[in-house]
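Student: One structure is given below, represented as structure tokens, and several questions about it will come after.
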Amino acid sequence: VRQWVDVQKQRSEEAARWQEQQQQLAALNELRRTEIKQIDALIAAAGQRLEEATTQHRKLHEEQTELSSRRSFLLDNITDLEQAMRDCIPRFPQPLRKKAEDAIYRLENPDDDHSLQDRYRDVLAILSASIAFDNTITVTREIREVEGERIALETIYMGLSRAWYVGRGNTIAGHGKATQEGWEWQPDNSISGQVRQAIDIYRKESSPGYVKLPF
């Protein structure tokens with residue numbers, strides 16, 4: 001009987017240990033399933049982030065390509081504009097050159113460090129000054145060589161097309177016009193009176209009147 005009791009006791013203990021092991025295995029399996037779910041979620045999230053990063057990289061590459069193409073176009077455009085403006089500068093008289101002196105200097109002395117924005121700003125500054133000058137009458141005092149002698153003159157410019165000058169007590173005069181090589185001046189002392197009258201009318205030092213000047 002004792003042996004039977006011992007056997008039954010041993011069986012009960014083994015059954016208890018087995019049940020405990022089963023519970024431990026079940027808990028372990030549940031933990032592993034949870035870990036697997038977490039890993040799957042991390043993999044999915046990483047895949048989504050990778051896809052998003054790839055999409056963002058593609059967009060950035062496309063934007064960079066577009067910006068590069070746009071900059072190339074702007075660079076070619078400003079180069080053409082600058083050359084066209086350089087071709088016009090010989091037609092600029094001294095009063096106009098003074099109005100845009102700094103921009104003209106940079107245009108005639110290009111610098112590789114000059115930004116694209118600054119290059120456009122200079123061209124626009126010169127263009128604005130030239131348009132303003134071309135649409136108005138300008139009277140200025142200047143020193144210019146006349147028949148081999150540097151003389152103080154008063155000059156009246158009609159835009160960028162024509163100009164007339166008078167000097168030395170109204171004893172010398174002449175007229176000029178803009179060309180691609182610069183301003184060409186033609187002495188003509190016979191018009192000194194008309195030029196003086198036009199300048200005085202402009203300065204409101206004489207009554208308004210009709211003045212005939214040679215073109």
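Identifiers in this document derive from the order of the structure tokens: chains are assigned A, B, ..., residues are numbered from 1 separately in each chain, and ligands are numbered from 1 in order of occurrence.
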What parts of segment 1-212 of chain A does DSSP call strand (DSSP E)? I'd like the answer as a PyMOL selection string.

Tutor: chain A and resi 137-146+149-158+162-167+172-179+182-187

Student: Write out as a tab-separated table a residue-level contact list of segment 144-196 of chain A versus segment 135-139 of chain A with cut-off 6 Å: for each qualifying residue the closest pair of atoms and the distance in Å to one decimal, counting only C-alpha atoms, rows sorted by chain and residue number upward.

Tutor:
residue	atom	partner	partner_atom	distance
A:Thr155	CA	A:Val139	CA	5.6
A:Ile156	CA	A:Val139	CA	4.3
A:Tyr157	CA	A:Thr138	CA	5.1
A:Met158	CA	A:Ile137	CA	4.9
A:Gly159	CA	A:Thr136	CA	5.6

Student: How about saving the chosen residues, N, CA, C and O atoms kept, as a PDB file, in the first residue's frame?

Tutor:
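Resulting contents of selection_9.pdb:
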ATOM      1  N   THR A 155      25.127 121.774 -72.487  1.00  0.00           N
ATOM      2  CA  THR A 155      24.558 120.893 -73.514  1.00  0.00           C
ATOM      3  C   THR A 155      23.126 120.550 -73.151  1.00  0.00           C
ATOM      4  O   THR A 155      22.812 120.294 -71.985  1.00  0.00           O
ATOM      5  N   ILE A 156      22.270 120.576 -74.167  1.00  0.00           N
ATOM      6  CA  ILE A 156      20.888 120.161 -73.981  1.00  0.00           C
ATOM      7  C   ILE A 156      20.656 118.897 -74.793  1.00  0.00           C
ATOM      8  O   ILE A 156      20.891 118.863 -76.006  1.00  0.00           O
ATOM      9  N   TYR A 157      20.259 117.826 -74.096  1.00  0.00           N
ATOM     10  CA  TYR A 157      20.031 116.526 -74.732  1.00  0.00           C
ATOM     11  C   TYR A 157      18.534 116.303 -74.911  1.00  0.00           C
ATOM     12  O   TYR A 157      17.756 116.511 -73.961  1.00  0.00           O
ATOM     13  N   MET A 158      18.154 115.882 -76.081  1.00  0.00           N
ATOM     14  CA  MET A 158      16.778 115.443 -76.318  1.00  0.00           C
ATOM     15  C   MET A 158      16.793 113.916 -76.319  1.00  0.00           C
ATOM     16  O   MET A 158      16.945 113.269 -77.357  1.00  0.00           O
ATOM     17  N   GLY A 159      16.661 113.379 -75.128  1.00  0.00           N
ATOM     18  CA  GLY A 159      16.740 111.932 -74.992  1.00  0.00           C
ATOM     19  C   GLY A 159      18.096 111.420 -75.430  1.00  0.00           C
ATOM     20  O   GLY A 159      19.135 112.042 -75.174  1.00  0.00           O
TER      21      GLY A 159
END

Student: With only C-alpha atoms as the atoms that count, which of A:Thr54, A:Thr179, A:Ser207, A:Asn29 lies nearest to Phe92 of chain A?

Tutor: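 Among A:Thr54, A:Thr179, A:Ser207, A:Asn29, it is A:Thr179 that comes nearest to Phe92 of chain A.
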
Student: Hey, what's within 10 Å of Ile172 of chain A if we count only C-alpha atoms and toss same-chain stuff fewer than 2 positions away? As a compact mmCIF listing (two decimals) with N, CA, C and O atoms, in the first residue's frame, please?

Tutor:
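Once written, selection_27.txt looks like this:
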# COMPACT_ATOMS: atom_id res chain seq x y z
N VAL A 146 36.55 120.24 -78.25
CA VAL A 146 35.98 120.85 -79.46
C VAL A 146 37.13 121.36 -80.32
O VAL A 146 37.87 122.26 -79.90
N ILE A 151 36.88 122.40 -73.69
CA ILE A 151 36.13 123.61 -73.41
C ILE A 151 34.93 123.26 -72.52
O ILE A 151 34.30 122.21 -72.67
N LEU A 153 31.24 123.49 -71.64
CA LEU A 153 30.06 123.66 -72.49
C LEU A 153 28.78 123.46 -71.67
O LEU A 153 28.78 122.80 -70.63
N TYR A 165 25.03 122.04 -78.12
CA TYR A 165 25.86 122.64 -77.08
C TYR A 165 26.21 124.07 -77.45
O TYR A 165 26.18 124.49 -78.61
N VAL A 166 26.56 124.81 -76.39
CA VAL A 166 27.01 126.19 -76.57
C VAL A 166 28.02 126.48 -75.47
O VAL A 166 27.95 125.92 -74.38
N GLY A 167 28.98 127.34 -75.77
CA GLY A 167 30.01 127.63 -74.79
C GLY A 167 30.81 128.86 -75.14
O GLY A 167 30.60 129.51 -76.17
N ARG A 168 31.75 129.16 -74.24
CA ARG A 168 32.66 130.30 -74.40
C ARG A 168 31.89 131.57 -74.73
O ARG A 168 32.07 132.19 -75.79
N GLY A 169 31.00 131.92 -73.81
CA GLY A 169 30.24 133.14 -73.98
C GLY A 169 29.37 133.16 -75.22
O GLY A 169 29.21 134.21 -75.86
N ASN A 170 28.82 132.00 -75.54
CA ASN A 170 27.92 131.85 -76.69
C ASN A 170 28.62 132.10 -78.04
O ASN A 170 27.97 132.44 -79.03
N GLY A 174 27.34 123.83 -81.45
CA GLY A 174 27.34 122.68 -82.33
C GLY A 174 26.23 121.72 -81.93
O GLY A 174 25.45 121.98 -81.01
N PRO A 187 30.62 120.86 -85.01
CA PRO A 187 30.62 122.29 -84.66
C PRO A 187 29.76 123.09 -85.64
O PRO A 187 29.76 122.84 -86.84
N ASP A 188 29.03 124.04 -85.09
CA ASP A 188 28.21 124.93 -85.92
C ASP A 188 27.92 126.18 -85.08
O ASP A 188 26.90 126.29 -84.42
N ASN A 189 28.83 127.13 -85.16
CA ASN A 189 28.71 128.34 -84.32
C ASN A 189 27.48 129.17 -84.67
O ASN A 189 27.04 130.00 -83.86
N SER A 190 26.92 128.94 -85.84
CA SER A 190 25.77 129.75 -86.27
C SER A 190 24.52 129.49 -85.44
O SER A 190 23.58 130.28 -85.47
N ILE A 191 24.49 128.40 -84.70
CA ILE A 191 23.28 128.08 -83.93
C ILE A 191 23.43 128.43 -82.46
O ILE A 191 22.60 128.06 -81.63
N SER A 192 24.48 129.15 -82.12
CA SER A 192 24.73 129.45 -80.70
C SER A 192 23.56 130.19 -80.06
O SER A 192 23.19 129.93 -78.91
N GLY A 193 22.96 131.13 -80.81
CA GLY A 193 21.84 131.89 -80.27
C GLY A 193 20.64 131.01 -79.97
O GLY A 193 20.00 131.13 -78.91

Student: Identify which of the residues A:Ser72, A:Gln194, A:Asn77, A:Gln19 lies closest to Tyr120 of chain A, counting only C-alpha atoms when measuring atom-to-atom distances.

Tutor: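 Checking each of A:Ser72, A:Gln194, A:Asn77, A:Gln19 against Tyr120 of chain A, counting only C-alpha atoms, the winner is A:Asn77.
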
Student: What's around Ala129 of chain A at 10 Å? Count only C-alpha atoms, leave out sequence neighbours fewer than 3 positions away in its own chain, and write the answer as a list in words.

Tutor: Leu96, Arg97, Lys98, Lys99, Ala100, Val123, Leu124, Ala125, Ile126, Ala132, Phe133 and Asp134 of chain A

Student: Could you turn the residues from that selection into a file that holds C-alpha atoms, as a PDB file, in the first residue's frame?

Tutor:
ATOM      1  CA  LEU A  96      23.417 109.185 -68.307  1.00  0.00           C
ATOM      2  CA  ARG A  97      26.606 107.309 -67.496  1.00  0.00           C
ATOM      3  CA  LYS A  98      26.807 109.206 -64.204  1.00  0.00           C
ATOM      4  CA  LYS A  99      23.239 108.205 -63.290  1.00  0.00           C
ATOM      5  CA  ALA A 100      24.141 104.493 -63.483  1.00  0.00           C
ATOM      6  CA  VAL A 123      21.017  95.474 -66.034  1.00  0.00           C
ATOM      7  CA  LEU A 124      17.635  96.683 -64.815  1.00  0.00           C
ATOM      8  CA  ALA A 125      19.224  99.736 -63.182  1.00  0.00           C
ATOM      9  CA  ILE A 126      20.987 100.693 -66.425  1.00  0.00           C
ATOM     10  CA  ALA A 132      14.160 107.711 -68.145  1.00  0.00           C
ATOM     11  CA  PHE A 133      16.890 109.709 -69.879  1.00  0.00           C
ATOM     12  CA  ASP A 134      15.514 108.922 -73.337  1.00  0.00           C
TER      13      ASP A 134
END
